[in-house]
$ cat start-v4.txt   # compact mmCIF, C-alpha atoms and all ligand atoms
# COMPACT_ATOMS: atom_id res chain seq x y z
CA ALA A 58 288.30 194.93 89.15
CA GLN A 59 288.72 198.40 90.62
CA ALA A 60 286.95 200.76 88.22
CA VAL A 61 287.54 203.96 90.16
CA PRO A 62 290.21 206.19 88.61
CA ALA A 63 293.08 206.64 91.09
CA ALA A 64 292.50 210.38 91.42
CA GLN A 65 288.83 209.86 92.35
CA ARG A 66 289.19 207.06 94.94
CA GLY A 67 288.95 209.42 97.88
CA SER A 68 285.85 211.13 96.61
CA TRP A 69 284.25 207.76 95.72
CA THR A 70 284.85 206.55 99.29
CA SER A 71 283.31 209.65 100.77
CA PHE A 72 280.39 209.36 98.35
CA LEU A 73 279.86 205.76 99.54
CA LYS A 74 280.05 206.91 103.13
CA SER A 75 277.41 209.53 102.51
CA ILE A 76 275.03 207.05 100.88
CA ALA A 77 275.64 204.46 103.61
CA SER A 78 274.78 206.92 106.35
CA PHE A 79 271.94 208.56 104.46
CA SER A 80 268.59 207.46 103.27
CA GLY A 81 266.08 209.21 101.10
CA ASP A 82 266.85 211.10 97.97
CA LEU A 83 270.22 209.98 96.58
CA SER A 84 269.79 212.09 93.49
CA SER A 85 270.87 215.20 95.37
CA LEU A 86 274.22 213.80 96.57
CA THR A 87 277.33 214.96 94.75
CA ALA A 88 279.16 212.05 93.14
CA PRO A 89 282.66 211.89 91.61
CA PRO A 90 282.86 212.62 87.87
CA PHE A 91 283.62 209.07 86.66
CA ILE A 92 280.19 207.84 87.78
CA LEU A 93 278.13 210.65 86.21
CA SER A 94 275.81 209.96 83.31
CA PRO A 95 275.06 212.72 80.76
CA THR A 96 271.42 211.65 80.58
CA SER A 97 268.58 213.02 82.66
CA LEU A 98 265.94 210.79 84.25
CA THR A 99 263.31 212.45 82.06
CA GLU A 100 264.67 210.37 79.17
CA PHE A 101 264.15 207.07 80.98
CA PRO A 102 260.46 206.53 80.15
CA ALA A 103 261.62 205.97 76.55
CA TYR A 104 262.85 202.55 77.72
CA TRP A 105 259.22 201.41 77.80
CA CYS A 106 259.09 201.41 74.06
CA GLU A 107 262.47 200.58 72.54
CA ARG A 108 260.82 197.45 71.11
CA PRO A 109 257.79 199.18 69.53
CA ASP A 110 256.73 195.97 67.76
CA TYR A 111 256.01 194.24 71.05
CA PHE A 112 254.00 197.27 72.15
CA ALA A 113 251.94 197.30 68.95
CA ALA A 114 251.43 193.52 69.17
CA ILE A 115 249.33 194.05 72.31
CA ALA A 116 246.56 195.61 70.24
CA ASP A 117 246.66 192.80 67.68
CA ALA A 118 246.40 190.04 70.30
CA LYS A 119 243.09 188.36 71.01
CA PRO A 120 241.50 189.77 74.20
CA GLY A 121 241.88 187.44 77.19
CA ARG A 122 244.85 185.19 77.83
CA ASP A 123 246.58 185.97 74.52
CA ARG A 124 246.51 189.67 75.21
CA ALA A 125 247.57 189.23 78.83
CA LEU A 126 250.61 187.32 77.52
CA ALA A 127 251.28 189.99 74.88
CA VAL A 128 251.34 192.64 77.62
CA LEU A 129 253.67 190.43 79.67
CA ARG A 130 255.96 189.88 76.66
CA TRP A 131 256.18 193.62 75.96
CA PHE A 132 256.85 194.31 79.68
CA ILE A 133 259.65 191.72 79.83
CA SER A 134 261.12 193.06 76.58
CA THR A 135 261.58 196.51 78.15
CA LEU A 136 263.60 195.34 81.16
CA LYS A 137 266.92 194.81 79.41
CA ASP A 138 266.88 198.41 78.21
CA GLN A 139 265.63 199.83 81.50
CA TYR A 140 268.11 198.05 83.73
CA THR A 141 271.20 196.83 81.84
CA SER A 142 271.65 199.25 78.94
CA ARG A 143 273.84 201.71 80.86
CA ASN A 144 276.21 198.87 81.76
CA GLU A 145 276.41 197.92 78.11
CA GLU A 146 276.82 201.44 76.79
CA MET A 147 278.88 203.09 79.55
CA GLY A 148 280.52 200.15 81.33
CA SER A 149 278.44 200.38 84.52
CA GLU A 150 275.35 201.92 86.01
CA LYS A 151 275.86 205.69 86.25
CA LYS A 152 274.23 208.44 88.22
CA PRO A 153 271.62 210.10 85.99
CA LEU A 154 271.16 213.85 85.87
CA ASN A 155 268.55 214.93 88.38
CA PRO A 156 265.77 216.60 86.37
CA VAL A 157 264.50 220.07 87.24
CA LEU A 158 260.83 220.81 87.81
CA GLY A 159 259.10 221.26 84.45
CA GLU A 160 261.80 219.55 82.41
CA VAL A 161 260.28 217.84 79.36
CA PHE A 162 261.26 215.20 76.83
CA TYR A 163 259.29 214.60 73.63
CA GLY A 164 259.97 211.99 71.01
CA THR A 165 258.63 209.48 68.56
CA TRP A 166 259.18 206.04 67.06
CA ALA A 167 258.37 205.94 63.38
CA ASP A 168 255.74 203.78 61.75
CA LYS A 169 257.17 200.54 60.36
CA ASN A 170 255.33 197.65 58.75
CA GLY A 171 251.98 199.15 59.61
CA ARG A 172 252.52 199.16 63.37
CA GLY A 173 251.78 202.88 63.55
CA VAL A 174 253.64 205.85 65.03
CA THR A 175 254.42 205.67 68.74
CA GLU A 176 254.78 208.93 70.65
CA LEU A 177 256.38 209.83 73.95
CA LEU A 178 255.76 212.82 76.20
CA VAL A 179 257.57 213.18 79.55
CA GLU A 180 257.44 215.89 82.20
CA GLN A 181 259.27 216.20 85.50
CA VAL A 182 256.38 216.88 87.85
CA SER A 183 258.38 217.16 91.08
CA HIS A 184 261.96 218.00 91.94
CA HIS A 185 262.05 217.10 95.65
CA PRO A 186 261.44 214.20 95.63
CA PRO A 187 262.08 213.59 91.93
CA ILE A 188 258.91 212.40 90.17
CA THR A 189 258.64 211.84 86.43
CA ALA A 190 255.30 211.50 84.61
CA TYR A 191 254.88 210.20 81.06
CA VAL A 192 252.50 209.18 78.29
CA ILE A 193 253.36 206.76 75.50
CA GLN A 194 250.79 206.46 72.78
CA ASN A 195 250.26 204.51 69.61
CA LYS A 196 247.08 206.13 68.40
CA SER A 197 246.52 203.98 65.32
CA LYS A 198 246.62 200.84 67.51
CA GLY A 199 244.53 202.38 70.30
CA LEU A 200 247.32 201.98 72.87
CA ARG A 201 248.26 204.34 75.64
CA LEU A 202 250.61 203.90 78.58
CA THR A 203 250.55 206.54 81.32
CA GLY A 204 252.50 206.47 84.52
CA HIS A 205 254.77 208.16 86.97
CA ASN A 206 257.95 207.17 88.73
CA ALA A 207 259.67 208.04 91.96
CA GLN A 208 262.17 206.17 94.11
CA LYS A 209 262.77 205.56 97.78
CA THR A 210 266.33 204.53 98.42
CA SER A 211 267.97 202.89 101.39
CA PHE A 212 271.26 201.18 102.02
CA SER A 213 271.76 197.59 102.99
CA CYS A 214 274.85 196.12 104.60
CA THR A 215 275.69 192.81 102.98
CA PHE A 216 278.48 191.86 105.34
CA SER A 217 280.46 193.40 108.11
CA PHE A 218 283.94 193.03 109.45
CA THR A 219 285.49 194.41 112.56
CA SER A 220 288.01 197.08 112.12
CA ASP A 221 289.31 199.96 114.07
CA ILE A 222 288.90 202.49 111.30
CA VAL A 223 287.12 205.69 112.27
CA ASN A 224 283.59 204.41 112.14
CA PRO A 225 283.54 200.61 111.89
CA LEU A 226 279.83 200.43 111.17
CA ILE A 227 279.93 202.76 108.22
CA TRP A 228 283.15 201.36 106.81
CA SER A 229 281.88 197.81 106.91
CA CYS A 230 278.84 198.99 105.00
CA LEU A 231 280.78 200.34 102.05
CA ALA A 232 280.54 196.97 100.32
CA GLY A 233 276.75 197.03 100.74
CA SER A 234 273.98 197.62 98.24
CA ILE A 235 271.60 200.41 97.47
CA ILE A 236 267.99 199.24 97.64
CA VAL A 237 265.61 201.21 95.46
CA LYS A 238 261.91 200.89 96.02
CA GLN A 239 260.04 202.22 93.04
CA ILE A 240 257.05 204.38 93.84
CA GLY A 241 254.39 204.89 91.21
CA HIS A 242 252.78 202.64 88.65
CA ALA A 243 251.71 202.59 85.04
CA VAL A 244 248.37 201.97 83.38
CA LEU A 245 248.16 200.60 79.87
CA THR A 246 244.87 201.32 78.13
CA VAL A 247 243.84 199.33 75.07
CA THR A 248 241.00 200.96 73.16
CA PRO A 249 239.70 198.67 70.40
CA THR A 250 239.96 200.64 67.15
CA SER A 251 236.82 198.85 65.95
CA GLY A 252 234.85 200.33 68.85
CA GLY A 253 234.12 198.76 72.21
CA ALA A 254 235.06 199.48 75.79
CA PRO A 255 238.67 200.31 76.66
CA GLU A 256 240.59 197.75 78.70
CA ASN A 257 243.03 198.77 81.43
CA TYR A 258 246.13 196.96 82.64
CA LEU A 259 247.77 198.04 85.87
CA ILE A 260 251.54 197.59 85.92
CA THR A 261 253.54 197.75 89.13
CA LEU A 262 257.30 198.17 89.26
CA PRO A 263 260.04 195.90 90.64
CA ARG A 264 262.48 196.72 93.40
CA LEU A 265 266.11 197.37 92.48
CA ARG A 266 269.29 196.35 94.20
CA ILE A 267 272.42 198.19 93.15
CA ASP A 268 275.58 196.14 93.76
CA GLY A 269 279.21 196.50 92.75
CA LEU A 270 279.56 199.82 94.58
CA TRP A 271 282.80 198.97 96.36
CA TYR A 272 284.59 198.48 93.03
CA GLY A 273 283.04 201.54 91.46
CA SER A 274 281.16 199.49 88.88
CA PRO A 275 277.55 199.49 90.03
CA TYR A 276 274.99 197.27 88.32
CA ILE A 277 271.31 196.56 88.90
CA GLU A 278 269.58 193.36 89.94
CA LEU A 279 265.80 193.24 90.14
CA THR A 280 264.09 191.78 93.19
CA ASP A 281 260.62 191.45 94.59
CA THR A 282 257.47 191.26 92.48
CA SER A 283 255.73 193.13 89.69
CA TYR A 284 252.09 192.67 88.83
CA ILE A 285 250.27 193.15 85.57
CA ILE A 286 246.55 193.09 86.22
CA GLY A 287 243.89 193.49 83.55
CA GLY A 288 241.91 191.86 80.77
CA GLY A 289 240.60 189.30 83.24
CA HIS A 290 244.08 188.07 84.12
CA VAL A 291 246.84 188.69 86.59
CA SER A 292 250.54 188.06 85.95
CA THR A 293 252.71 187.82 89.02
CA ILE A 294 256.33 188.31 88.03
CA GLU A 295 258.91 187.32 90.61
CA PHE A 296 262.45 188.60 90.18
CA LYS A 297 265.45 186.77 91.55
CA GLY A 298 269.18 187.08 91.14
CA LYS A 299 271.80 184.43 90.68
CA GLY A 300 271.12 181.00 92.06
CA TYR A 301 267.37 181.06 92.52
CA PHE A 302 265.34 179.71 89.62
CA SER A 303 267.91 179.11 86.94
CA GLY A 304 271.24 179.76 88.60
CA LYS A 305 271.56 182.90 86.50
CA SER A 306 271.52 186.61 87.17
CA HIS A 307 268.42 188.51 86.08
CA SER A 308 266.09 185.53 86.50
CA PHE A 309 262.35 185.81 86.66
CA LYS A 310 259.37 183.56 86.92
CA SER A 311 255.95 184.72 85.92
CA VAL A 312 252.62 183.11 86.67
CA THR A 313 249.58 184.27 84.70
CA THR A 314 246.17 183.23 86.01
CA PRO A 315 242.62 184.13 85.01
CA LEU A 316 240.66 186.34 87.37
CA PRO A 317 237.33 184.60 87.84
CA GLY A 318 234.41 186.94 87.61
CA GLN A 319 236.45 189.45 85.58
CA GLY A 320 236.20 187.76 82.22
CA GLY A 321 239.09 185.40 82.93
CA GLN A 322 237.29 182.16 82.12
CA GLY A 323 238.41 179.44 79.77
CA GLY A 324 241.85 178.28 78.68
CA PRO A 325 244.55 176.88 80.91
CA THR A 326 244.26 178.00 84.51
CA GLU A 327 247.93 178.85 84.77
CA THR A 328 250.62 179.94 82.38
CA ILE A 329 254.15 179.91 83.72
CA VAL A 330 257.10 181.54 82.02
CA GLU A 331 260.66 181.26 83.30
CA GLY A 332 264.02 182.56 82.18
CA THR A 333 266.09 185.71 82.26
CA TRP A 334 264.65 189.10 81.47
CA HIS A 335 267.72 190.37 79.62
CA GLU A 336 267.98 187.27 77.41
CA ASN A 337 265.51 184.46 76.84
CA SER A 338 262.53 182.97 78.56
CA LYS A 339 260.27 180.03 77.82
CA PHE A 340 256.96 178.52 78.81
CA SER A 341 257.12 175.96 81.58
CA LYS A 342 253.35 175.53 81.86
CA GLY A 343 250.37 176.39 79.68
CA GLY A 344 252.47 176.66 76.55
CA ALA A 345 255.57 175.32 74.86
CA GLY A 346 258.82 176.70 73.55
CA ALA A 347 260.18 180.23 73.59
CA PHE A 348 258.20 183.01 75.25
CA HIS A 349 260.53 185.91 74.61
CA GLU A 350 263.90 186.07 72.91
CA VAL A 351 265.84 189.26 73.14
CA HIS A 352 266.84 190.79 69.85
CA GLU A 353 269.53 193.39 69.47
CA ASN A 354 267.66 195.69 67.12
CA LYS A 355 266.32 198.05 69.71
CA GLU A 356 264.93 201.30 68.37
CA GLU A 357 265.86 204.41 70.26
CA VAL A 358 263.31 207.18 70.42
CA ALA A 359 263.84 210.07 68.00
CA PRO A 360 263.59 213.21 70.14
CA PHE A 361 261.96 216.28 68.69
CA ALA A 362 264.78 218.74 68.18
CA TYR A 363 264.19 221.65 70.50
CA ALA A 364 265.14 224.13 67.82
CA ASP A 365 262.08 223.02 65.85
CA ASP A 366 259.57 223.79 68.52
CA LYS A 367 259.52 227.15 70.21
CA GLY A 368 257.02 225.82 72.73
CA MET A 369 259.62 223.57 74.34
CA GLY A 370 262.05 226.30 75.15
CA GLU A 371 264.64 226.08 77.86
CA PHE A 372 263.03 223.12 79.57
CA GLU A 373 263.63 220.54 76.87
CA THR A 374 265.97 218.11 78.59
CA ARG A 375 268.73 217.94 75.98
CA LYS A 376 268.77 221.69 75.58
CA LEU A 377 268.73 222.33 79.33
CA TRP A 378 271.57 219.90 80.09
CA ASN A 379 273.47 220.38 76.83
CA LEU A 380 276.66 221.85 78.30
CA VAL A 381 276.59 219.66 81.42
CA ALA A 382 276.31 216.59 79.19
CA LYS A 383 279.06 217.88 76.92
CA GLY A 384 281.33 218.40 79.92
CA ILE A 385 280.63 214.88 81.23
CA ARG A 386 281.12 213.28 77.82
CA GLU A 387 284.32 215.13 77.06
CA GLY A 388 285.83 214.96 80.53
CA ASP A 389 285.55 218.71 81.05
CA PHE A 390 284.18 218.46 84.58
CA GLU A 391 284.76 222.10 85.30
CA LEU A 392 282.31 222.97 82.53
CA ALA A 393 279.89 220.30 83.77
CA SER A 394 279.88 221.50 87.36
CA ARG A 395 279.77 225.20 86.46
CA GLU A 396 276.74 224.63 84.22
CA LYS A 397 275.06 222.37 86.76
CA SER A 398 275.41 225.07 89.44
CA ARG A 399 274.02 227.66 87.06
CA ILE A 400 270.93 225.50 86.40
CA GLU A 401 270.45 224.80 90.10
CA ASN A 402 270.78 228.46 91.03
CA GLU A 403 268.26 229.48 88.39
CA GLN A 404 265.87 226.89 89.81
CA ARG A 405 266.34 228.17 93.35
CA GLN A 406 265.67 231.70 92.13
CA MET A 407 262.49 230.61 90.34
CA ARG A 408 261.19 228.93 93.49
CA LYS A 409 262.00 232.07 95.52
CA ASP A 410 260.24 234.32 93.04
CA GLU A 411 257.17 232.08 93.08
CA GLN A 412 257.08 232.20 96.85
CA ALA A 413 257.51 235.95 96.93
CA GLU A 414 254.69 236.37 94.43
CA ASN A 415 252.55 233.86 96.25
CA ARG A 416 252.07 231.52 93.30
CA SER A 417 253.25 228.03 92.57
CA TRP A 418 254.76 226.33 89.53
CA GLU A 419 252.14 225.06 87.15
CA LEU A 420 252.63 221.68 85.52
CA ARG A 421 252.48 221.88 81.76
CA HIS A 422 250.98 218.52 80.79
CA PHE A 423 249.60 216.85 83.91
CA THR A 424 247.26 217.43 86.83
CA HIS A 425 247.92 215.69 90.11
CA GLU A 426 245.22 213.54 91.71
CA ALA A 427 245.44 212.04 95.19
CA SER A 428 244.18 208.61 94.18
CA ASP A 429 243.90 206.46 91.09
CA PRO A 430 240.59 204.54 90.74
CA ILE A 431 242.07 202.13 88.16
CA TYR A 432 244.93 201.25 90.51
CA GLU A 433 242.47 200.72 93.37
CA GLN A 434 240.03 198.64 91.35
CA LEU A 435 242.53 196.38 89.56
CA GLY A 436 244.91 196.23 92.53
CA ARG A 437 242.20 194.66 94.66
CA ALA A 438 242.70 191.38 92.79
CA VAL A 439 246.09 190.95 94.50
CA LYS A 440 245.29 192.95 97.65
CA ILE A 441 247.79 195.51 96.49
CA VAL A 442 249.92 197.47 98.94
CA PRO A 443 249.44 200.40 99.29
CA PRO A 444 245.71 200.15 98.49
CA THR A 445 245.81 203.44 96.63
CA GLU A 446 248.42 205.61 94.94
CA ASP A 447 248.33 209.09 93.51
CA MET A 448 248.37 209.75 89.79
CA TYR A 449 249.18 212.35 87.18
CA VAL A 450 246.43 212.84 84.60
CA PHE A 451 247.53 213.91 81.13
CA LYS A 452 245.90 217.17 80.00
CA GLU A 453 245.70 215.90 76.39
CA ASN A 454 247.71 218.90 75.27
CA TRP A 455 250.08 217.27 72.80
CA PRO A 456 252.42 219.94 71.48
CA ALA A 457 251.98 220.71 67.78
CA VAL A 458 255.01 218.62 66.75
CA PHE A 459 253.13 215.42 67.56
CA SER A 460 250.79 213.72 65.14
CA SER A 461 248.47 213.04 68.10
CA ALA A 462 247.93 216.80 68.44
CA ALA A 463 244.57 217.83 67.01
CA LYS A 464 245.33 220.05 64.05
C1 LIG B 1 262.77 204.59 86.16
C2 LIG B 1 265.25 203.09 86.25
C3 LIG B 1 264.98 204.07 87.36
C4 LIG B 1 264.00 205.15 86.85
C5 LIG B 1 266.29 204.76 87.83
C6 LIG B 1 267.97 204.33 91.06
C7 LIG B 1 268.44 205.22 89.92
C8 LIG B 1 267.37 206.29 89.64
C9 LIG B 1 266.09 205.65 89.08
C10 LIG B 1 264.30 203.30 88.50
C11 LIG B 1 263.18 203.71 84.98
O1 LIG B 1 262.01 203.18 84.39
C12 LIG B 1 264.11 202.59 85.43
C13 LIG B 1 266.50 202.62 86.00
C14 LIG B 1 267.70 202.99 86.77
C15 LIG B 1 267.41 203.71 88.09
C16 LIG B 1 268.65 204.46 88.59
C17 LIG B 1 269.91 203.64 88.85
C18 LIG B 1 270.66 204.54 89.83
O2 LIG B 1 271.73 204.27 90.27
C19 LIG B 1 269.87 205.75 90.21
C20 LIG B 1 270.24 206.29 91.62
C21 LIG B 1 269.46 207.53 91.99
C22 LIG B 1 271.71 206.66 91.68
O3 LIG B 1 272.17 207.38 90.85
C23 LIG B 1 272.53 206.07 92.81
C24 LIG B 1 273.98 206.47 92.83
C25 LIG B 1 274.88 205.89 91.77
C26 LIG B 1 276.33 206.23 92.04
C27 LIG B 1 274.80 204.41 91.55
C28 LIG B 1 275.14 204.14 90.14

$ encode --input "start-v4.txt" --output "structure tokens"
Amino acid sequence: AQAVPAAQRGSWTSFLKSIASFSGDLSSLTAPPFILSPTSLTEFPAYWCERPDYFAAIADAKPGRDRALAVLRWFISTLKDQYTSRNEEMGSEKKPLNPVLGEVFYGTWADKNGRGVTELLVEQVSHHPPITAYVIQNKSKGLRLTGHNAQKTSFSCTFSFTSDIVNPLIWSCLAGSIIVKQIGHAVLTVTPTSGGAPENYLITLPRLRIDGLWYGSPYIELTDTSYIIGGGHVSTIEFKGKGYFSGKSHSFKSVTTPLPGQGGQGGPTETIVEGTWHENSKFSKGGAGAFHEVHENKEEVAPFAYADDKGMGEFETRKLWNLVAKGIREGDFELASREKSRIENEQRQMRKDEQAENRSWELRHFTHEASDPIYEQLGRAVKIVPPTEDMYVFKENWPAVFSSAAK
């Protein structure tokens, strides 16, 4: 089961040693070529909408329990793409390209069967640590998802054995796992197109465990809990690996309850859904039959070609990383690393120039706020930790290529 090419075993072992003895920002560590992905993290927010029908269905659902379950169904439907698609497409989890400050990704999902156009705008709002902010909007349905993502990584030793190799502690850890705590959250806003007050849903993110490192074929398992709070309901989604609820990998159990005093009256007091997030799940209380069945027809976002929009310039992710990605895809690692160094040097120079001129980089699409009142207010229902989080507020400046841009 050894997936590491013979010529890269040494560098894989030293990479593992550096992650085992290091905690913080893994994105900046140099990894051997076989584990590199040609895709930057700025493209990842697109995973939230590769099943645009489930997203649109949220607006069509009746407010209350039905809508809370529609939000849950859409959320569950995104997890397969977010966390197993690299394994399916590239054979294992791979190390994404570490976005530069100001990197952007714009794209769209076409209208189909009257569900409306869905649009995506992403900006890398911090390089160290990496933070990605995004907006996903279906204007005709009155839906908008905004959020930001960062990660705190640590290493966990799963077992140890005694050995007299150089550093027994570190060596015994090489079969351990990377634990990724996701920082950040998302807010889904549903604005009734017929008028009426907008409704907010706070979405918190699961913890990741990356296993399979020893064999060079990393894969993700989700752990811990995610909450979806809004519309008078709270869904508590517990993630477990093999052998917990169903004896299967990628298991989850979700409990949706009304929030008394927040419009959550009436209907069953509890709805429980159980199953696997990458395949199927069903109701085990408060409903019957299938809850979500994965379908293969995912719809990838159509990026706006950078050549078509002068405004995007050098910072459009696929343009910026073009030659690095080409090198990784075609096995020309000299090209990949030369181009990567060029990009990194340019970035260092930009930061130096800013410092020398006593100015700082200005975000294109977002403004940073120290706290998020929606997170605080909705999070109270589950005594959320931490009690507040920062947020990135969209400046409403859709580039002209988008249909959401006022013309
Ligand atoms: C938000 C997602 C996130 C980003 C990635 C941990 C990870 C960077 C963050 C959390 C998305 O909504 C969902 C999916 C995958 C996550 C990545 C998986 C991963 O391995 C990387 C980290 C930084 C590494 O590259 C670790 C080293 C690598 C050799 C292991 C494959």

$ closest_residue --input "start-v4.txt" --among "A:Thr87, A:Thr203, A:Thr328, A:Ser283" --to "ligand LIG 1 (chain B)" --atoms "only C-alpha atoms and all ligand atoms"
A:Thr87

$ residues_around --input "start-v4.txt" --residues "Tyr111 (chain A)" --least-positions-apart "6" --cutoff "8 Å" --atoms "only C-alpha atoms" --output "list in words"
Ala127, Arg130, Trp131 and Ser134 of chain A

$ residues_near_ligand --input "start-v4.txt" --ligand "ligand LIG 1 (chain B)" --cutoff "8 Å" --atoms "only C-alpha atoms and all ligand atoms" --output "PyMOL selection string"
chain A and resi 82-84+88+92-93+98+101-102+104-105+139-140+149-153+206-208+210+235+237+239+265+267+270+274-277

$ write_last_selection --input "start-v4.txt" --atoms "C-alpha atoms" --output "tab-separated table (two decimals), keeping the file's coordinate frame"
chain	number	residue	atom	x	y	z
A	82	ASP	CA	266.85	211.10	97.97
A	83	LEU	CA	270.22	209.98	96.58
A	84	SER	CA	269.79	212.09	93.49
A	88	ALA	CA	279.16	212.05	93.14
A	92	ILE	CA	280.19	207.84	87.78
A	93	LEU	CA	278.13	210.65	86.21
A	98	LEU	CA	265.94	210.79	84.25
A	101	PHE	CA	264.15	207.07	80.98
A	102	PRO	CA	260.46	206.53	80.15
A	104	TYR	CA	262.85	202.55	77.72
A	105	TRP	CA	259.22	201.41	77.80
A	139	GLN	CA	265.63	199.83	81.50
A	140	TYR	CA	268.11	198.05	83.73
A	149	SER	CA	278.44	200.38	84.52
A	150	GLU	CA	275.35	201.92	86.01
A	151	LYS	CA	275.86	205.69	86.25
A	152	LYS	CA	274.23	208.44	88.22
A	153	PRO	CA	271.62	210.10	85.99
A	206	ASN	CA	257.95	207.17	88.73
A	207	ALA	CA	259.67	208.04	91.96
A	208	GLN	CA	262.17	206.17	94.11
A	210	THR	CA	266.33	204.53	98.42
A	235	ILE	CA	271.60	200.41	97.47
A	237	VAL	CA	265.61	201.21	95.46
A	239	GLN	CA	260.04	202.22	93.04
A	265	LEU	CA	266.11	197.37	92.48
A	267	ILE	CA	272.42	198.19	93.15
A	270	LEU	CA	279.56	199.82	94.58
A	274	SER	CA	281.16	199.49	88.88
A	275	PRO	CA	277.55	199.49	90.03
A	276	TYR	CA	274.99	197.27	88.32
A	277	ILE	CA	271.31	196.56	88.90

$ residues_around --input "start-v4.txt" --residues "Ser341 (chain A)" --least-positions-apart "6" --cutoff "7 Å" --atoms "all atoms listed in the file" --output "number ranges by chain"
A: 329-331

$ write_last_selection --input "start-v4.txt" --atoms "C-alpha atoms" --output "compact mmCIF listing (two decimals), in the coordinates of the input"
# COMPACT_ATOMS: atom_id res chain seq x y z
CA ILE A 329 254.15 179.91 83.72
CA VAL A 330 257.10 181.54 82.02
CA GLU A 331 260.66 181.26 83.30

$ closest_residue --input "start-v4.txt" --among "A:Arg172, A:Arg375, A:Lys310, A:His425" --to "Gly204 (chain A)" --atoms "only C-alpha atoms"
A:His425

$ closest_residue --input "start-v4.txt" --among "A:Gly370, A:Pro249, A:Gly269, A:Gly121" --to "Leu73 (chain A)" --atoms "only C-alpha atoms"
A:Gly269

$ closest_residue --input "start-v4.txt" --among "A:Gly384, A:Pro444, A:Pro360, A:Gly241" --to "Gly164 (chain A)" --atoms "all atoms listed in the file"
A:Pro360

$ atom_distance --input "start-v4.txt" --atom1 "CA of Lys198 (chain A)" --atom2 "CA of Leu262 (chain A)"
24.4 Å

$ decode --input "start-v4.txt" --residues "region 414-418 of chain A" --atoms "all heavy atoms" --output "PDB file, in the first residue's frame"
ATOM      1  N   GLU A 414       6.978  52.081   1.987  1.00  0.00           N
ATOM      2  CA  GLU A 414       6.132  53.237   1.678  1.00  0.00           C
ATOM      3  C   GLU A 414       5.068  53.476   2.737  1.00  0.00           C
ATOM      4  O   GLU A 414       4.138  54.275   2.536  1.00  0.00           O
ATOM      5  CB  GLU A 414       5.487  53.049   0.294  1.00  0.00           C
ATOM      6  CG  GLU A 414       6.508  53.072  -0.829  1.00  0.00           C
ATOM      7  CD  GLU A 414       5.983  52.435  -2.109  1.00  0.00           C
ATOM      8  OE1 GLU A 414       4.768  52.507  -2.363  1.00  0.00           O
ATOM      9  OE2 GLU A 414       6.800  51.840  -2.850  1.00  0.00           O
ATOM     10  N   ASN A 415       5.188  52.716   3.822  1.00  0.00           N
ATOM     11  CA  ASN A 415       4.304  52.920   4.961  1.00  0.00           C
ATOM     12  C   ASN A 415       2.816  52.800   4.610  1.00  0.00           C
ATOM     13  O   ASN A 415       1.996  53.611   5.006  1.00  0.00           O
ATOM     14  CB  ASN A 415       4.602  54.286   5.592  1.00  0.00           C
ATOM     15  CG  ASN A 415       4.153  54.311   7.050  1.00  0.00           C
ATOM     16  OD1 ASN A 415       3.843  53.253   7.616  1.00  0.00           O
ATOM     17  ND2 ASN A 415       4.118  55.484   7.644  1.00  0.00           N
ATOM     18  N   ARG A 416       2.497  51.788   3.815  1.00  0.00           N
ATOM     19  CA  ARG A 416       1.086  51.525   3.506  1.00  0.00           C
ATOM     20  C   ARG A 416       0.879  50.022   3.647  1.00  0.00           C
ATOM     21  O   ARG A 416       1.840  49.263   3.765  1.00  0.00           O
ATOM     22  CB  ARG A 416       0.742  51.991   2.082  1.00  0.00           C
ATOM     23  CG  ARG A 416       1.668  51.378   1.039  1.00  0.00           C
ATOM     24  CD  ARG A 416       1.401  51.916  -0.368  1.00  0.00           C
ATOM     25  NE  ARG A 416       2.442  51.432  -1.276  1.00  0.00           N
ATOM     26  CZ  ARG A 416       2.387  50.267  -1.925  1.00  0.00           C
ATOM     27  NH1 ARG A 416       1.352  49.474  -1.789  1.00  0.00           N
ATOM     28  NH2 ARG A 416       3.383  49.886  -2.719  1.00  0.00           N
ATOM     29  N   SER A 417      -0.382  49.618   3.665  1.00  0.00           N
ATOM     30  CA  SER A 417      -0.600  48.182   3.731  1.00  0.00           C
ATOM     31  C   SER A 417      -1.520  47.737   2.604  1.00  0.00           C
ATOM     32  O   SER A 417      -2.237  48.545   1.999  1.00  0.00           O
ATOM     33  CB  SER A 417      -1.168  47.786   5.097  1.00  0.00           C
ATOM     34  OG  SER A 417      -2.347  48.513   5.322  1.00  0.00           O
ATOM     35  N   TRP A 418      -1.473  46.454   2.307  1.00  0.00           N
ATOM     36  CA  TRP A 418      -2.262  45.878   1.217  1.00  0.00           C
ATOM     37  C   TRP A 418      -3.743  46.096   1.482  1.00  0.00           C
ATOM     38  O   TRP A 418      -4.216  45.882   2.596  1.00  0.00           O
ATOM     39  CB  TRP A 418      -1.946  44.383   1.119  1.00  0.00           C
ATOM     40  CG  TRP A 418      -2.792  43.676   0.128  1.00  0.00           C
ATOM     41  CD1 TRP A 418      -3.926  42.958   0.382  1.00  0.00           C
ATOM     42  CD2 TRP A 418      -2.584  43.615  -1.290  1.00  0.00           C
ATOM     43  NE1 TRP A 418      -4.447  42.455  -0.779  1.00  0.00           N
ATOM     44  CE2 TRP A 418      -3.641  42.844  -1.826  1.00  0.00           C
ATOM     45  CE3 TRP A 418      -1.624  44.150  -2.160  1.00  0.00           C
ATOM     46  CZ2 TRP A 418      -3.744  42.582  -3.195  1.00  0.00           C
ATOM     47  CZ3 TRP A 418      -1.735  43.881  -3.518  1.00  0.00           C
ATOM     48  CH2 TRP A 418      -2.786  43.108  -4.011  1.00  0.00           C
TER      49      TRP A 418
END
